[in-house]
$ cat my_file_28.cif   # mmCIF, C-alpha atoms
data_start
#
loop_
_atom_site.label_atom_id
_atom_site.label_comp_id
_atom_site.auth_asym_id
_atom_site.auth_seq_id
_atom_site.Cartn_x
_atom_site.Cartn_y
_atom_site.Cartn_z
CA MET A 8 53.69 43.31 -42.72
CA ILE A 9 51.57 41.44 -45.26
CA LYS A 10 48.09 42.89 -45.49
CA ASN A 11 44.99 40.70 -45.21
CA ARG A 12 46.99 37.51 -45.73
CA LYS A 13 45.88 34.16 -44.43
CA ILE A 14 48.83 32.14 -43.13
CA ASN A 15 48.55 28.56 -44.38
CA LYS A 16 51.44 27.36 -42.26
CA THR A 17 50.72 23.95 -40.72
CA ARG A 18 52.28 21.67 -38.15
CA THR A 19 53.61 19.61 -41.04
CA PHE A 20 55.40 22.66 -42.41
CA ASP A 21 56.68 23.51 -38.93
CA ARG A 22 58.20 20.02 -38.60
CA ILE A 23 59.87 20.28 -42.00
CA SER A 24 61.10 23.80 -41.31
CA GLU A 25 62.59 22.81 -37.97
CA ARG A 26 64.11 19.60 -39.36
CA PHE A 27 65.92 21.44 -42.18
CA GLY A 28 66.35 24.88 -40.64
CA LEU A 29 64.38 26.64 -43.37
CA LYS A 30 64.11 29.92 -41.46
CA ASN A 31 67.86 30.33 -41.92
CA LYS A 32 68.11 29.02 -45.49
CA LYS A 33 67.90 30.74 -48.86
CA VAL A 34 64.92 28.98 -50.43
CA PHE A 35 63.60 28.93 -53.98
CA ASP A 36 59.83 28.48 -53.56
CA ILE A 37 58.43 27.14 -56.82
CA GLY A 38 54.73 27.76 -57.36
CA CYS A 39 54.76 30.10 -54.38
CA GLY A 40 51.28 31.60 -54.82
CA LYS A 41 51.09 34.85 -52.88
CA GLY A 42 54.22 33.94 -50.99
CA GLU A 43 52.56 32.60 -47.87
CA PHE A 44 55.68 30.72 -46.86
CA LEU A 45 58.35 33.21 -47.93
CA PRO A 46 58.34 35.08 -44.56
CA PHE A 47 59.26 31.78 -42.89
CA PHE A 48 62.32 31.21 -45.07
CA GLY A 49 65.74 32.81 -44.72
CA GLU A 50 67.18 35.96 -46.24
CA GLY A 51 67.50 35.95 -50.03
CA SER A 52 64.61 33.53 -50.57
CA VAL A 53 62.72 33.87 -53.83
CA GLY A 54 59.29 32.71 -54.97
CA ILE A 55 58.21 32.07 -58.54
CA THR A 56 54.71 31.97 -60.00
CA THR A 57 52.99 32.10 -63.38
CA ASN A 58 50.30 34.42 -61.97
CA GLN A 59 51.06 38.10 -62.54
CA SER A 60 48.65 39.26 -59.83
CA GLU A 61 50.61 37.19 -57.29
CA VAL A 62 53.82 38.92 -58.41
CA SER A 63 52.12 42.28 -57.88
CA PHE A 64 50.93 41.18 -54.46
CA GLY A 65 54.49 40.26 -53.57
CA LYS A 66 55.80 43.67 -54.56
CA GLU A 67 53.14 45.38 -52.45
CA ASN A 68 54.17 43.30 -49.45
CA ASN A 69 57.96 43.31 -49.79
CA LEU A 70 58.14 39.70 -50.91
CA ASN A 71 60.58 38.63 -53.62
CA ILE A 72 58.23 36.95 -56.07
CA ILE A 73 59.20 36.73 -59.73
CA PHE A 74 57.10 35.89 -62.76
CA GLY A 75 58.05 32.81 -64.71
CA ASN A 76 57.53 29.15 -65.44
CA ALA A 77 60.06 27.04 -63.55
CA GLU A 78 59.92 24.41 -66.30
CA LEU A 79 61.51 27.06 -68.54
CA ILE A 80 64.14 28.06 -66.01
CA ASP A 81 66.65 28.39 -68.84
CA ASP A 82 64.83 31.59 -69.86
CA ILE A 83 64.58 33.05 -66.36
CA GLU A 84 67.14 35.56 -65.13
CA ILE A 85 68.17 33.57 -62.10
CA ARG A 86 71.64 32.07 -61.95
CA GLU A 87 72.30 31.80 -58.23
CA ASN A 88 72.43 28.65 -56.14
CA PHE A 89 69.89 28.09 -53.39
CA ASP A 90 70.23 26.20 -50.12
CA VAL A 91 66.78 24.67 -50.52
CA ILE A 92 64.34 24.21 -53.40
CA TRP A 93 60.78 23.98 -52.10
CA ALA A 94 58.08 22.67 -54.45
CA ASN A 95 54.83 21.57 -52.82
CA ASN A 96 51.75 20.47 -54.79
CA LEU A 97 53.51 21.24 -58.07
CA PHE A 98 55.11 18.08 -59.44
CA GLU A 99 51.78 16.53 -60.40
CA HIS A 100 50.99 19.54 -62.63
CA ILE A 101 54.13 20.00 -64.72
CA LEU A 102 54.59 18.75 -68.26
CA SER A 103 57.95 17.01 -67.89
CA PRO A 104 58.94 15.89 -64.37
CA HIS A 105 62.33 14.50 -65.39
CA SER A 106 63.37 17.55 -67.40
CA PHE A 107 62.20 19.78 -64.53
CA LEU A 108 64.40 17.94 -62.01
CA ILE A 109 67.41 18.12 -64.32
CA LYS A 110 66.95 21.85 -64.92
CA LEU A 111 66.83 22.51 -61.18
CA LYS A 112 70.49 21.52 -61.10
CA GLN A 113 71.27 24.89 -62.72
CA ILE A 114 70.36 26.64 -59.46
CA SER A 115 71.79 23.97 -57.17
CA ASN A 116 75.12 22.91 -55.73
CA LYS A 117 76.10 19.64 -54.05
CA ASP A 118 74.59 20.78 -50.75
CA THR A 119 71.28 22.00 -52.14
CA VAL A 120 68.28 20.22 -50.63
CA LEU A 121 65.18 19.55 -52.71
CA ILE A 122 61.92 19.25 -50.76
CA LEU A 123 59.23 17.97 -53.09
CA GLY A 124 55.69 17.55 -51.73
CA VAL A 125 53.42 15.39 -53.90
CA PRO A 126 49.99 13.73 -53.51
CA VAL A 127 50.39 10.01 -54.11
CA ILE A 128 48.24 7.02 -54.96
CA PRO A 129 47.96 5.02 -51.73
CA LYS A 130 49.50 1.57 -51.44
CA LEU A 131 46.12 0.32 -50.16
CA ASN A 132 43.90 0.99 -53.18
CA PHE A 133 40.61 0.79 -51.29
CA LEU A 134 41.56 4.09 -49.62
CA LEU A 135 40.76 5.82 -52.93
CA ARG A 136 37.10 5.43 -51.97
CA LEU A 137 37.71 8.10 -49.35
CA SER A 138 37.67 11.73 -50.48
CA LYS A 139 40.86 12.52 -48.55
CA PHE A 140 42.79 10.12 -50.77
CA ARG A 141 41.23 11.03 -54.14
CA GLY A 142 43.16 14.30 -54.36
CA CYS A 143 45.96 12.51 -56.20
CA LEU A 144 43.49 11.89 -59.05
CA ALA A 145 42.30 15.50 -59.38
CA SER A 146 41.20 16.46 -62.89
CA ASN A 147 43.91 19.12 -63.23
CA HIS A 148 46.72 16.67 -62.50
CA ILE A 149 48.67 15.23 -65.43
CA ASN A 150 51.19 13.12 -63.50
CA PHE A 151 50.35 10.35 -61.05
CA PHE A 152 52.72 8.77 -58.58
CA THR A 153 52.96 6.09 -55.98
CA GLY A 154 55.53 6.55 -53.26
CA ASN A 155 57.89 4.16 -55.05
CA SER A 156 57.50 5.67 -58.53
CA LEU A 157 58.03 9.17 -57.13
CA LYS A 158 61.21 8.06 -55.37
CA LEU A 159 62.55 6.43 -58.55
CA THR A 160 61.70 9.48 -60.66
CA VAL A 161 63.73 11.71 -58.37
CA GLU A 162 66.64 9.27 -58.12
CA ARG A 163 66.92 8.78 -61.90
CA ALA A 164 67.24 12.55 -62.34
CA GLY A 165 70.40 12.66 -60.25
CA TRP A 166 69.11 13.45 -56.77
CA LYS A 167 70.10 11.42 -53.70
CA ILE A 168 67.12 10.59 -51.50
CA LYS A 169 67.51 11.53 -47.83
CA GLU A 170 63.96 11.06 -46.57
CA VAL A 171 60.54 9.97 -47.80
CA ARG A 172 58.02 11.08 -45.21
CA SER A 173 54.64 12.65 -44.61
CA PHE A 174 55.91 14.64 -41.59
CA VAL A 175 52.44 14.22 -40.10
CA PHE A 176 53.90 12.78 -36.90
CA GLY A 177 56.87 14.05 -34.95
CA ILE A 178 57.99 10.50 -34.14
CA LYS A 179 59.93 9.23 -37.16
CA LEU A 180 59.09 5.53 -36.78
CA LEU A 181 55.38 6.25 -36.51
CA ASP A 182 55.56 8.66 -39.40
CA ASN A 183 57.41 6.13 -41.59
CA ILE A 184 54.67 3.52 -41.03
CA PHE A 185 51.97 6.08 -41.80
CA THR A 186 53.87 7.23 -44.91
CA LEU A 187 54.24 3.69 -46.24
CA PHE A 188 50.58 2.67 -45.99
CA PHE A 189 48.25 5.59 -45.34
CA SER A 190 49.61 9.00 -46.30
CA PRO A 191 47.85 10.74 -49.24
CA HIS A 192 50.72 13.23 -49.53
CA ILE A 193 54.44 12.69 -49.05
CA TYR A 194 57.61 14.75 -49.15
CA ILE A 195 60.72 13.60 -50.95
CA VAL A 196 63.83 15.20 -49.47
CA ALA A 197 66.95 14.85 -51.63
CA ASN A 198 70.39 16.29 -52.29
CA ASN A 199 71.67 17.23 -55.71
CA ILE A 200 74.23 14.76 -57.06
CA SER A 201 76.54 17.31 -58.68
CA ASP A 202 78.54 14.73 -60.64
CA PHE A 203 75.46 12.87 -61.93
CA LYS A 204 75.83 11.32 -65.37
CA TYR A 205 73.28 9.42 -67.43
CA HIS A 206 73.89 5.72 -67.96
CA GLU A 207 75.79 4.95 -71.15
CA LYS A 208 72.77 3.05 -72.54
CA LYS A 209 70.63 6.16 -72.18
CA LEU A 210 73.32 8.30 -73.79
CA ALA A 211 73.42 5.90 -76.73
CA GLU A 212 69.65 6.19 -77.17
CA TRP A 213 69.88 9.98 -77.27
CA GLU A 214 72.92 10.31 -79.54
CA GLY A 215 72.37 13.08 -82.07
CA ASP A 216 69.09 14.31 -80.59
CA ASP A 217 69.31 18.05 -79.91
CA LEU A 218 66.51 18.12 -77.35
CA TYR A 219 67.99 15.45 -75.13
CA ASN A 220 71.53 16.68 -75.64
CA HIS A 221 70.39 19.89 -73.94
CA LEU A 222 69.66 17.90 -70.76
CA ILE A 223 73.00 16.15 -71.04
CA LYS A 224 74.79 19.51 -71.24
CA ILE A 225 73.05 20.65 -68.06
CA THR A 226 74.38 17.64 -66.14
CA GLU A 227 77.87 18.19 -67.54
CA ALA A 228 77.86 21.86 -66.52
CA ASN A 229 76.43 21.23 -63.06
#

$ encode --input "my_file_28.cif" --output "structure tokens"
Amino acid sequence: MIKNRKINKTRTFDRISERFGLKNKKVFDIGCGKGEFLPFFGEGSVGITTNQSEVSFGKENNLNIIFGNAELIDDIEIRENFDVIWANNLFEHILSPHSFLIKLKQISNKDTVLILGVPVIPKLNFLLRLSKFRGCLASNHINFFTGNSLKLTVERAGWKIKEVRSFVFGIKLLDNIFTLFFSPHIYIVANNISDFKYHEKKLAEWEGDDLYNHLIKITEAN
């Protein structure tokens, strides 16, 4: 039993968990904090954080939390495939979103589901006057997305979009309308495209560049 831990589980999380059966799936929880969600994932689930005290907390409470930066997953001793990759309120903080998505393929197979929760700039710009919608512009964010730009970013990294939703409402039609116009935070749900290849024009741009060839090798090995 986790001692003195506040459960931050919400109805939104419950809807996502039920929709994708997370309680029975091996989940890689990126930016897991103190592992609040790990008890609600399946056996073999792992959390990762850059905070050593959170790793220690995990050990004290029988949670599998490892220390590391998921953007440098090449250097992390983790070579297994996960059923689900869960990354909520992370994508807006990382240095290289595209590279991050490509590197996740190293721990994915064709059935792996990516669930990426991201605050977004609302389609109706006047909503930014409201504090609830200004979270996307927080001073510690270095990436900024609309719903459309987020979807394209994920697609161009070789992930097939399944759903783009807020999961605020249980009724899908209602939730889709809310997501399109009013949601300050959305979830991209996507499957890994295991045979993804960059377009030949992009390959030509990168020819001879060691840094970008590293990303190409990841897609070829996936």

$ resolve_selection --input "my_file_28.cif" --expression "the PyMOL selection byres ((chain A and resi 205) around 12)" --output "VMD selection string"
chain A and resid 109 162 to 165 200 202 to 204 206 to 213 219 to 220 222 to 227

$ resolve_selection --input "my_file_28.cif" --expression "the PyMOL selection byres ((chain A and resi 79-88) around 10)" --output "PyMOL selection string"
chain A and resi 33-35+53+73-78+89-92+106-107+110-119

$ residues_around --input "my_file_28.cif" --residues "Cys39 (chain A)" --least-positions-apart "5" --cutoff "7 Å" --atoms "all atoms listed in the file" --output "JSON, numbers by chain"
{"A": [54, 55, 56]}

$ resolve_selection --input "my_file_28.cif" --expression "the PyMOL selection byres ((chain A and resi 170-177) around 6)" --output "tab-separated table (two decimals) with C-alpha atoms, in the frame of the given file"
chain	number	residue	atom	x	y	z
A	19	THR	CA	53.61	19.61	-41.04
A	168	ILE	CA	67.12	10.59	-51.50
A	169	LYS	CA	67.51	11.53	-47.83
A	178	ILE	CA	57.99	10.50	-34.14
A	182	ASP	CA	55.56	8.66	-39.40
A	186	THR	CA	53.87	7.23	-44.91
A	193	ILE	CA	54.44	12.69	-49.05
A	194	TYR	CA	57.61	14.75	-49.15
A	195	ILE	CA	60.72	13.60	-50.95
A	196	VAL	CA	63.83	15.20	-49.47

$ atom_distance --input "my_file_28.cif" --atom1 "CA of Phe185 (chain A)" --atom2 "CA of Lys139 (chain A)"
14.5 Å

$ atom_distance --input "my_file_28.cif" --atom1 "CA of Phe152 (chain A)" --atom2 "CA of Ile23 (chain A)"
21.4 Å

$ axis_aligned_box --input "my_file_28.cif" --around "region 125-137 of chain A" --padding-each-side "4 Å" --output "AutoDock Vina command-line options"
--center_x 45.3 --center_y 7.9 --center_z -52.2 --size_x 24.3 --size_y 23.1 --size_z 13.6

$ residues_around --input "my_file_28.cif" --residues "Leu144 (chain A)" --least-positions-apart "6" --cutoff "9 Å" --atoms "only C-alpha atoms" --output "VMD selection string"
chain A and resid 126 to 128 150 to 151

$ residues_around --input "my_file_28.cif" --residues "Pro129 (chain A)" --least-positions-apart "6" --cutoff "12 Å" --atoms "only C-alpha atoms" --output "list in words"
Leu135, Arg136, Leu137, Lys139, Phe140, Arg141, Gly142, Cys143, Leu144, Phe151, Phe152, Thr153, Gly154, Asn155, Ser156, Phe185, Thr186, Leu187, Phe188, Phe189, Ser190, Pro191, His192 and Ile193 of chain A

$ write_last_selection --input "my_file_28.cif" --atoms "C-alpha atoms" --output "mmCIF file, in the coordinates of the input"
data_model
loop_
_atom_site.group_PDB
_atom_site.id
_atom_site.type_symbol
_atom_site.label_atom_id
_atom_site.label_comp_id
_atom_site.auth_asym_id
_atom_site.auth_seq_id
_atom_site.Cartn_x
_atom_site.Cartn_y
_atom_site.Cartn_z
ATOM 1 C CA LEU A 135 40.760 5.820 -52.930
ATOM 2 C CA ARG A 136 37.100 5.430 -51.970
ATOM 3 C CA LEU A 137 37.710 8.100 -49.350
ATOM 4 C CA LYS A 139 40.860 12.520 -48.550
ATOM 5 C CA PHE A 140 42.790 10.120 -50.770
ATOM 6 C CA ARG A 141 41.230 11.030 -54.140
ATOM 7 C CA GLY A 142 43.160 14.300 -54.360
ATOM 8 C CA CYS A 143 45.960 12.510 -56.200
ATOM 9 C CA LEU A 144 43.490 11.890 -59.050
ATOM 10 C CA PHE A 151 50.350 10.350 -61.050
ATOM 11 C CA PHE A 152 52.720 8.770 -58.580
ATOM 12 C CA THR A 153 52.960 6.090 -55.980
ATOM 13 C CA GLY A 154 55.530 6.550 -53.260
ATOM 14 C CA ASN A 155 57.890 4.160 -55.050
ATOM 15 C CA SER A 156 57.500 5.670 -58.530
ATOM 16 C CA PHE A 185 51.970 6.080 -41.800
ATOM 17 C CA THR A 186 53.870 7.230 -44.910
ATOM 18 C CA LEU A 187 54.240 3.690 -46.240
ATOM 19 C CA PHE A 188 50.580 2.670 -45.990
ATOM 20 C CA PHE A 189 48.250 5.590 -45.340
ATOM 21 C CA SER A 190 49.610 9.000 -46.300
ATOM 22 C CA PRO A 191 47.850 10.740 -49.240
ATOM 23 C CA HIS A 192 50.720 13.230 -49.530
ATOM 24 C CA ILE A 193 54.440 12.690 -49.050
#

$ residues_around --input "my_file_28.cif" --residues "Asn71 (chain A)" --least-positions-apart "3" --cutoff "9 Å" --atoms "all atoms listed in the file" --output "list of chain:residue names"
A:Gly42, A:Leu45, A:Gly51, A:Ser52, A:Val53, A:Gly54, A:Ile55, A:Val62, A:Gly65, A:Lys66, A:Asn68

$ closest_residue --input "my_file_28.cif" --among "A:Gly49, A:Pro104, A:Gly40, A:Gly215" --to "Ile72 (chain A)" --atoms "all atoms listed in the file"
A:Gly40

$ atom_distance --input "my_file_28.cif" --atom1 "CA of Leu134 (chain A)" --atom2 "CA of Phe20 (chain A)"
24.3 Å

$ closest_residue --input "my_file_28.cif" --among "A:Arg26, A:Gly38, A:Thr160, A:His100" --to "Ala145 (chain A)" --atoms "only C-alpha atoms"
A:His100
